[in-house]
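Worksheet: one structure, shown below.
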Amino acid sequence: MGKRIFDVIFSALALILLSPFFLVIIPILRLTGEGEIFFRQARIGKGGRPFGMLKFATMVKGSPNMGTGLLTVKDDPRILPVGRFLRKTKLNELPQLWNVLIGDMSIIGPRPQAEPHFRLYSPQVQRELAAVRPGLSGIGSIVFRNEESMLDGGGKRAQEAYAQDIADYKGRLEVWYVRNRTFWIDLLLIFLTIWVVFVPAGCSYRRLLPGLPENTNPDLRL
C-alpha cells in the first residue's frame, strides 16, 4: 500500500472513530478558557513550503508573542487549565488528522517545525526533511515526548537550551527516519506513539529501532 493511500485511509477512519472526542472537547473549549476551539500555526512542510497546522487551542490568545514565544516550557503559565490535560494526553494534536487527510502531512514523518526552529537545522538537514511530508508523529516526537519538561526556564534561557541541546539531535533523528523509512517502520512508530502516551517512561524504542543516532550531548537526558 502506498504511503499516501495509507495516510488517507488511516486519517479518515481515525476522524470517524475519534469523533466522540471531538464532540466532547469542542464544547468544553468553547465554554472554558477564552472560548477558542482551534489554533492554526504556520509550519514548514514538504518542499520547504509553509502550511497551517491545526491543533486544539490549549494556550491563551497571542501566546506566540508572549514569554518563550514558539516554545512551550515546563509549567508554562500561558497554558489554559483544560489545555494542560489535552497536551499531556496529546489530544490537542487530533485536528492534524485533517492536515493528513488533505495532504499537508503524513501520519508518520519528521515533526513539522515553525520556521525559526526549522532554520536551526543545518542546510543539509533542512533539504532532507523538506523532501518528505511532515508527520503527525515520528521518531522525534517519541524521543522528545517530554520536551516541555526539559525546557525549564523562561525567555532567552529556554531559547538557548532548545537551540544548543535539542535541535541538533532532533534533526539527526528525523534524518534517520527519512533515510530508513518503510511501511513497517511507520507501523512500529504508530505503535510507539500510542505506547508513550500511556507508558511515557517505559518505551524501549532503541531495542526496536536499531541504528538510531546516539545522543552525544551529556546535558540532554532522555
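Numbering starts fresh at 1 for the residues of each chain in the C-alpha cells, the chains themselves are lettered A, B, ... in the order given, and ligands are numbered from 1 as they appear.
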
Taking a cut-off of 12 Å and counting only C-alpha atoms, can you build a table that, for each residue of stretch 154-193 of chain A near stretch 87-106 of chain A, reports the nearest atom pair and how far apart they are in Å (one decimal), sorted by chain then residue number, as JSON lines?
{"residue": "A:Asp186", "atom": "CA", "partner": "A:Ser106", "partner_atom": "CA", "distance": 10.2}
{"residue": "A:Ile190", "atom": "CA", "partner": "A:Ser106", "partner_atom": "CA", "distance": 11.6}
{"residue": "A:Thr193", "atom": "CA", "partner": "A:Lys90", "partner_atom": "CA", "distance": 9.9}

Find the residues of stretch 5-82 of chain A that sit at most 10 Å from stretch 119-128 of chain A; for each, write down the nearest two atoms and how far apart they are in Å, to one decimal. Count only C-alpha atoms. Sort by chain, then by number going up, and give it as CSV.
residue,atom,partner,partner_atom,distance
A:Ile44,CA,A:Gln126,CA,9.9
A:Lys46,CA,A:Arg127,CA,9.8
A:Gly47,CA,A:Arg127,CA,8.4
A:Gly48,CA,A:Gln126,CA,8.1

Pull C-alpha atoms from the residues just selected and write them as a tab-separated table (two decimals), in the first residue's frame.
chain	number	residue	atom	x	y	z
A	44	ILE	CA	7.30	24.16	7.28
A	46	LYS	CA	7.11	19.33	2.08
A	47	GLY	CA	9.23	21.31	-0.35
A	48	GLY	CA	10.01	23.83	2.38

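Pairwise distance (atom CA of A:Glu174, atom CA of A:Glu148) equals 18.7 Å.
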
Within 7 Å of stretch 107-109 of chain A, counting only C-alpha atoms, which residues qualify if same-chain residues fewer than 4 places away don't, as a compact mmCIF listing (two decimals) with C-alpha atoms, in the first residue's frame?
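Contents of around-v1.txt, freshly written:
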# COMPACT_ATOMS: atom_id res chain seq x y z
CA ASP A 7 -2.47 8.19 5.19
CA VAL A 100 -3.12 14.45 6.93
CA ARG A 133 5.69 15.26 4.18
CA PRO A 134 5.97 16.10 7.89
CA GLY A 135 4.24 13.77 10.31
CA LEU A 136 1.54 13.81 12.93
CA SER A 137 4.07 11.76 14.88
CA GLY A 138 7.51 10.30 14.32
CA ASP A 186 5.79 3.56 10.09

**Asked** So which residues touch A:Ser63 within 12 Å, counting only C-alpha atoms, skipping near sequence neighbours fewer than 4 positions away, as a list of chain:residue names?
**Response**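 My list of contacting residues is A:Phe39, A:Gln41, A:Ala57, A:Thr58, A:Met59, A:Gly67, A:Thr68, A:Gly69, A:Leu70, A:Leu71, A:Thr72, A:Asp76, A:Pro77, A:Arg78, A:Ile79, A:Leu80.
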
Export, as a short mmCIF file (atom, residue, chain, number, x, y, z; two decimals), in the first residue's frame, the selected residues with C-alpha atoms.
data_model
loop_
_atom_site.label_atom_id
_atom_site.label_comp_id
_atom_site.auth_asym_id
_atom_site.auth_seq_id
_atom_site.Cartn_x
_atom_site.Cartn_y
_atom_site.Cartn_z
CA PHE A 39 -5.36 27.07 16.73
CA GLN A 41 0.10 27.87 13.15
CA ALA A 57 -6.45 25.64 21.35
CA THR A 58 -4.64 24.98 24.62
CA MET A 59 -2.97 28.34 25.31
CA GLY A 67 7.02 34.65 27.24
CA THR A 68 9.07 31.99 25.48
CA GLY A 69 7.34 32.60 22.14
CA LEU A 70 7.02 29.49 19.99
CA LEU A 71 8.48 27.26 22.70
CA THR A 72 6.35 25.76 25.45
CA ASP A 76 4.13 27.34 31.15
CA PRO A 77 1.71 29.97 32.53
CA ARG A 78 0.21 30.51 29.07
CA ILE A 79 -1.38 27.05 29.05
CA LEU A 80 -5.09 27.03 29.90
#

Within stretch 28-148 of chain A, find each residue whose DSSP state, derived from the backbone, is strand (DSSP E or B), and express the selection as a PDB file with C-alpha atoms, in the first residue's frame.
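New file part.pdb:
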ATOM      1  CA  PHE A  38      -8.800  25.545  17.095  1.00  0.00           C
ATOM      2  CA  PHE A  39      -5.364  27.073  16.734  1.00  0.00           C
ATOM      3  CA  ARG A  40      -3.646  27.271  13.370  1.00  0.00           C
ATOM      4  CA  GLN A  41       0.098  27.872  13.150  1.00  0.00           C
ATOM      5  CA  ALA A  42       2.416  28.145  10.152  1.00  0.00           C
ATOM      6  CA  ARG A  43       4.806  25.193   9.946  1.00  0.00           C
ATOM      7  CA  ILE A  44       7.297  24.156   7.283  1.00  0.00           C
ATOM      8  CA  PRO A  50       4.614  26.650   4.910  1.00  0.00           C
ATOM      9  CA  PHE A  51       1.164  25.301   5.734  1.00  0.00           C
ATOM     10  CA  GLY A  52      -1.346  25.903   8.504  1.00  0.00           C
ATOM     11  CA  MET A  53      -1.069  23.131  11.098  1.00  0.00           C
ATOM     12  CA  LEU A  54      -4.173  22.636  13.220  1.00  0.00           C
ATOM     13  CA  LYS A  55      -4.355  21.966  16.944  1.00  0.00           C
ATOM     14  CA  PHE A  56      -6.974  22.300  19.624  1.00  0.00           C
ATOM     15  CA  MET A  59      -2.973  28.343  25.310  1.00  0.00           C
ATOM     16  CA  ILE A  79      -1.385  27.046  29.054  1.00  0.00           C
ATOM     17  CA  SER A 106       1.539  12.232   6.831  1.00  0.00           C
ATOM     18  CA  ILE A 107       0.652  10.029   9.795  1.00  0.00           C
ATOM     19  CA  ILE A 108       4.362   9.372  10.396  1.00  0.00           C
ATOM     20  CA  GLY A 135       4.237  13.769  10.309  1.00  0.00           C
ATOM     21  CA  LEU A 136       1.541  13.806  12.931  1.00  0.00           C
ATOM     22  CA  SER A 137       4.065  11.762  14.885  1.00  0.00           C
TER      23      SER A 137
END

**Request:** Select from stretch 19-183 of chain A everything DSSP, run on the backbone, classes as helix (DSSP H, G or I), then give the selection as an MDAnalysis selection string.
**Result:** chainID A and resid 19:31 46:48 63:65 81:89 91:93 96:101 115:118 123:130 139:143 147:150 155:180 183

Write out the residues from the selection above, keeping C-alpha atoms, as a PDB file, in the first residue's frame.
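Ended up saving to out04.pdb:
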ATOM      1  CA  SER A  19     -15.301  11.926  16.531  1.00  0.00           C
ATOM      2  CA  PRO A  20     -16.741  11.331  20.050  1.00  0.00           C
ATOM      3  CA  PHE A  21     -13.610  13.006  21.472  1.00  0.00           C
ATOM      4  CA  PHE A  22     -14.186  15.987  19.189  1.00  0.00           C
ATOM      5  CA  LEU A  23     -17.823  16.192  20.322  1.00  0.00           C
ATOM      6  CA  VAL A  24     -16.674  16.360  23.960  1.00  0.00           C
ATOM      7  CA  ILE A  25     -13.617  18.598  23.535  1.00  0.00           C
ATOM      8  CA  ILE A  26     -15.183  21.236  21.274  1.00  0.00           C
ATOM      9  CA  PRO A  27     -17.938  22.398  23.687  1.00  0.00           C
ATOM     10  CA  ILE A  28     -15.536  22.261  26.645  1.00  0.00           C
ATOM     11  CA  LEU A  29     -13.106  24.561  24.864  1.00  0.00           C
ATOM     12  CA  ARG A  30     -15.935  26.847  23.786  1.00  0.00           C
ATOM     13  CA  LEU A  31     -17.200  27.186  27.355  1.00  0.00           C
ATOM     14  CA  LYS A  46       7.112  19.332   2.076  1.00  0.00           C
ATOM     15  CA  GLY A  47       9.229  21.306  -0.354  1.00  0.00           C
ATOM     16  CA  GLY A  48      10.006  23.834   2.377  1.00  0.00           C
ATOM     17  CA  SER A  63       0.813  33.170  23.201  1.00  0.00           C
ATOM     18  CA  PRO A  64       3.479  33.064  20.419  1.00  0.00           C
ATOM     19  CA  ASN A  65       4.101  36.744  21.161  1.00  0.00           C
ATOM     20  CA  PRO A  81      -6.358  24.561  32.575  1.00  0.00           C
ATOM     21  CA  VAL A  82      -8.124  22.254  30.092  1.00  0.00           C
ATOM     22  CA  GLY A  83      -5.227  22.727  27.700  1.00  0.00           C
ATOM     23  CA  ARG A  84      -2.830  21.156  30.185  1.00  0.00           C
ATOM     24  CA  PHE A  85      -4.791  17.891  30.083  1.00  0.00           C
ATOM     25  CA  LEU A  86      -5.111  17.969  26.292  1.00  0.00           C
ATOM     26  CA  ARG A  87      -1.372  18.472  25.859  1.00  0.00           C
ATOM     27  CA  LYS A  88      -0.431  15.744  28.333  1.00  0.00           C
ATOM     28  CA  THR A  89      -2.653  13.198  26.582  1.00  0.00           C
ATOM     29  CA  LEU A  91      -5.437  15.014  22.348  1.00  0.00           C
ATOM     30  CA  ASN A  92      -4.594  18.556  21.269  1.00  0.00           C
ATOM     31  CA  GLU A  93      -2.938  17.067  18.171  1.00  0.00           C
ATOM     32  CA  GLN A  96      -3.945  17.374  12.487  1.00  0.00           C
ATOM     33  CA  LEU A  97      -5.720  14.293  11.152  1.00  0.00           C
ATOM     34  CA  TRP A  98      -7.416  16.811   8.845  1.00  0.00           C
ATOM     35  CA  ASN A  99      -3.979  18.061   7.734  1.00  0.00           C
ATOM     36  CA  VAL A 100      -3.122  14.448   6.933  1.00  0.00           C
ATOM     37  CA  LEU A 101      -6.355  13.868   5.026  1.00  0.00           C
ATOM     38  CA  GLU A 115      10.251  28.429  10.514  1.00  0.00           C
ATOM     39  CA  PRO A 116      12.608  29.808  13.233  1.00  0.00           C
ATOM     40  CA  HIS A 117      13.079  26.305  14.633  1.00  0.00           C
ATOM     41  CA  PHE A 118      13.382  24.716  11.189  1.00  0.00           C
ATOM     42  CA  PRO A 123      21.105  23.261   5.406  1.00  0.00           C
ATOM     43  CA  GLN A 124      21.643  19.553   4.679  1.00  0.00           C
ATOM     44  CA  VAL A 125      19.117  18.503   7.320  1.00  0.00           C
ATOM     45  CA  GLN A 126      16.634  21.087   6.032  1.00  0.00           C
ATOM     46  CA  ARG A 127      16.919  19.706   2.495  1.00  0.00           C
ATOM     47  CA  GLU A 128      16.402  16.118   3.597  1.00  0.00           C
ATOM     48  CA  LEU A 129      13.406  16.893   5.807  1.00  0.00           C
ATOM     49  CA  ALA A 130      11.780  19.100   3.164  1.00  0.00           C
ATOM     50  CA  ILE A 139      10.754   9.338  15.963  1.00  0.00           C
ATOM     51  CA  GLY A 140      11.423  12.933  17.057  1.00  0.00           C
ATOM     52  CA  SER A 141       8.046  13.107  18.798  1.00  0.00           C
ATOM     53  CA  ILE A 142       8.674   9.805  20.576  1.00  0.00           C
ATOM     54  CA  VAL A 143      12.206  10.556  21.791  1.00  0.00           C
ATOM     55  CA  GLU A 147      10.321  18.214  25.614  1.00  0.00           C
ATOM     56  CA  GLU A 148       8.280  20.738  27.606  1.00  0.00           C
ATOM     57  CA  SER A 149       9.638  19.358  30.880  1.00  0.00           C
ATOM     58  CA  MET A 150      13.166  19.600  29.521  1.00  0.00           C
ATOM     59  CA  GLY A 155      12.664  33.586  27.733  1.00  0.00           C
ATOM     60  CA  LYS A 156      16.209  33.550  26.439  1.00  0.00           C
ATOM     61  CA  ARG A 157      17.234  30.628  28.635  1.00  0.00           C
ATOM     62  CA  ALA A 158      14.656  28.314  27.032  1.00  0.00           C
ATOM     63  CA  GLN A 159      15.506  29.512  23.539  1.00  0.00           C
ATOM     64  CA  GLU A 160      19.198  28.817  24.102  1.00  0.00           C
ATOM     65  CA  ALA A 161      18.510  25.393  25.616  1.00  0.00           C
ATOM     66  CA  TYR A 162      16.424  24.394  22.601  1.00  0.00           C
ATOM     67  CA  ALA A 163      18.970  25.663  20.081  1.00  0.00           C
ATOM     68  CA  GLN A 164      22.016  24.202  21.850  1.00  0.00           C
ATOM     69  CA  ASP A 165      20.704  20.991  23.390  1.00  0.00           C
ATOM     70  CA  ILE A 166      17.684  19.796  21.412  1.00  0.00           C
ATOM     71  CA  ALA A 167      17.624  20.971  17.793  1.00  0.00           C
ATOM     72  CA  ASP A 168      20.758  19.147  16.607  1.00  0.00           C
ATOM     73  CA  TYR A 169      19.808  15.727  17.985  1.00  0.00           C
ATOM     74  CA  LYS A 170      16.191  16.072  16.911  1.00  0.00           C
ATOM     75  CA  GLY A 171      17.360  16.882  13.392  1.00  0.00           C
ATOM     76  CA  ARG A 172      19.614  13.812  13.287  1.00  0.00           C
ATOM     77  CA  LEU A 173      16.743  11.603  14.453  1.00  0.00           C
ATOM     78  CA  GLU A 174      14.402  12.958  11.794  1.00  0.00           C
ATOM     79  CA  VAL A 175      17.024  12.448   9.080  1.00  0.00           C
ATOM     80  CA  TRP A 176      17.440   8.844  10.267  1.00  0.00           C
ATOM     81  CA  TYR A 177      13.730   8.347   9.645  1.00  0.00           C
ATOM     82  CA  VAL A 178      13.840   9.923   6.179  1.00  0.00           C
ATOM     83  CA  ARG A 179      16.720   7.654   5.148  1.00  0.00           C
ATOM     84  CA  ASN A 180      15.297   4.458   6.671  1.00  0.00           C
ATOM     85  CA  PHE A 183       5.858   0.825   5.773  1.00  0.00           C
TER      86      PHE A 183
END

**Request:** Go ahead and compute the interatomic distance for atom CA of A:Pro218 and atom CA of A:Leu192, in Å to one decimal.
**Result:**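 About the pair atom CA of A:Pro218 and atom CA of A:Leu192: they are 24.8 Å apart.
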
**Request:** Rounded to one decimal place, report the atom CA of A:Leu187-atom CA of A:Arg145 distance in Å.
**Result:** 18.1 Å
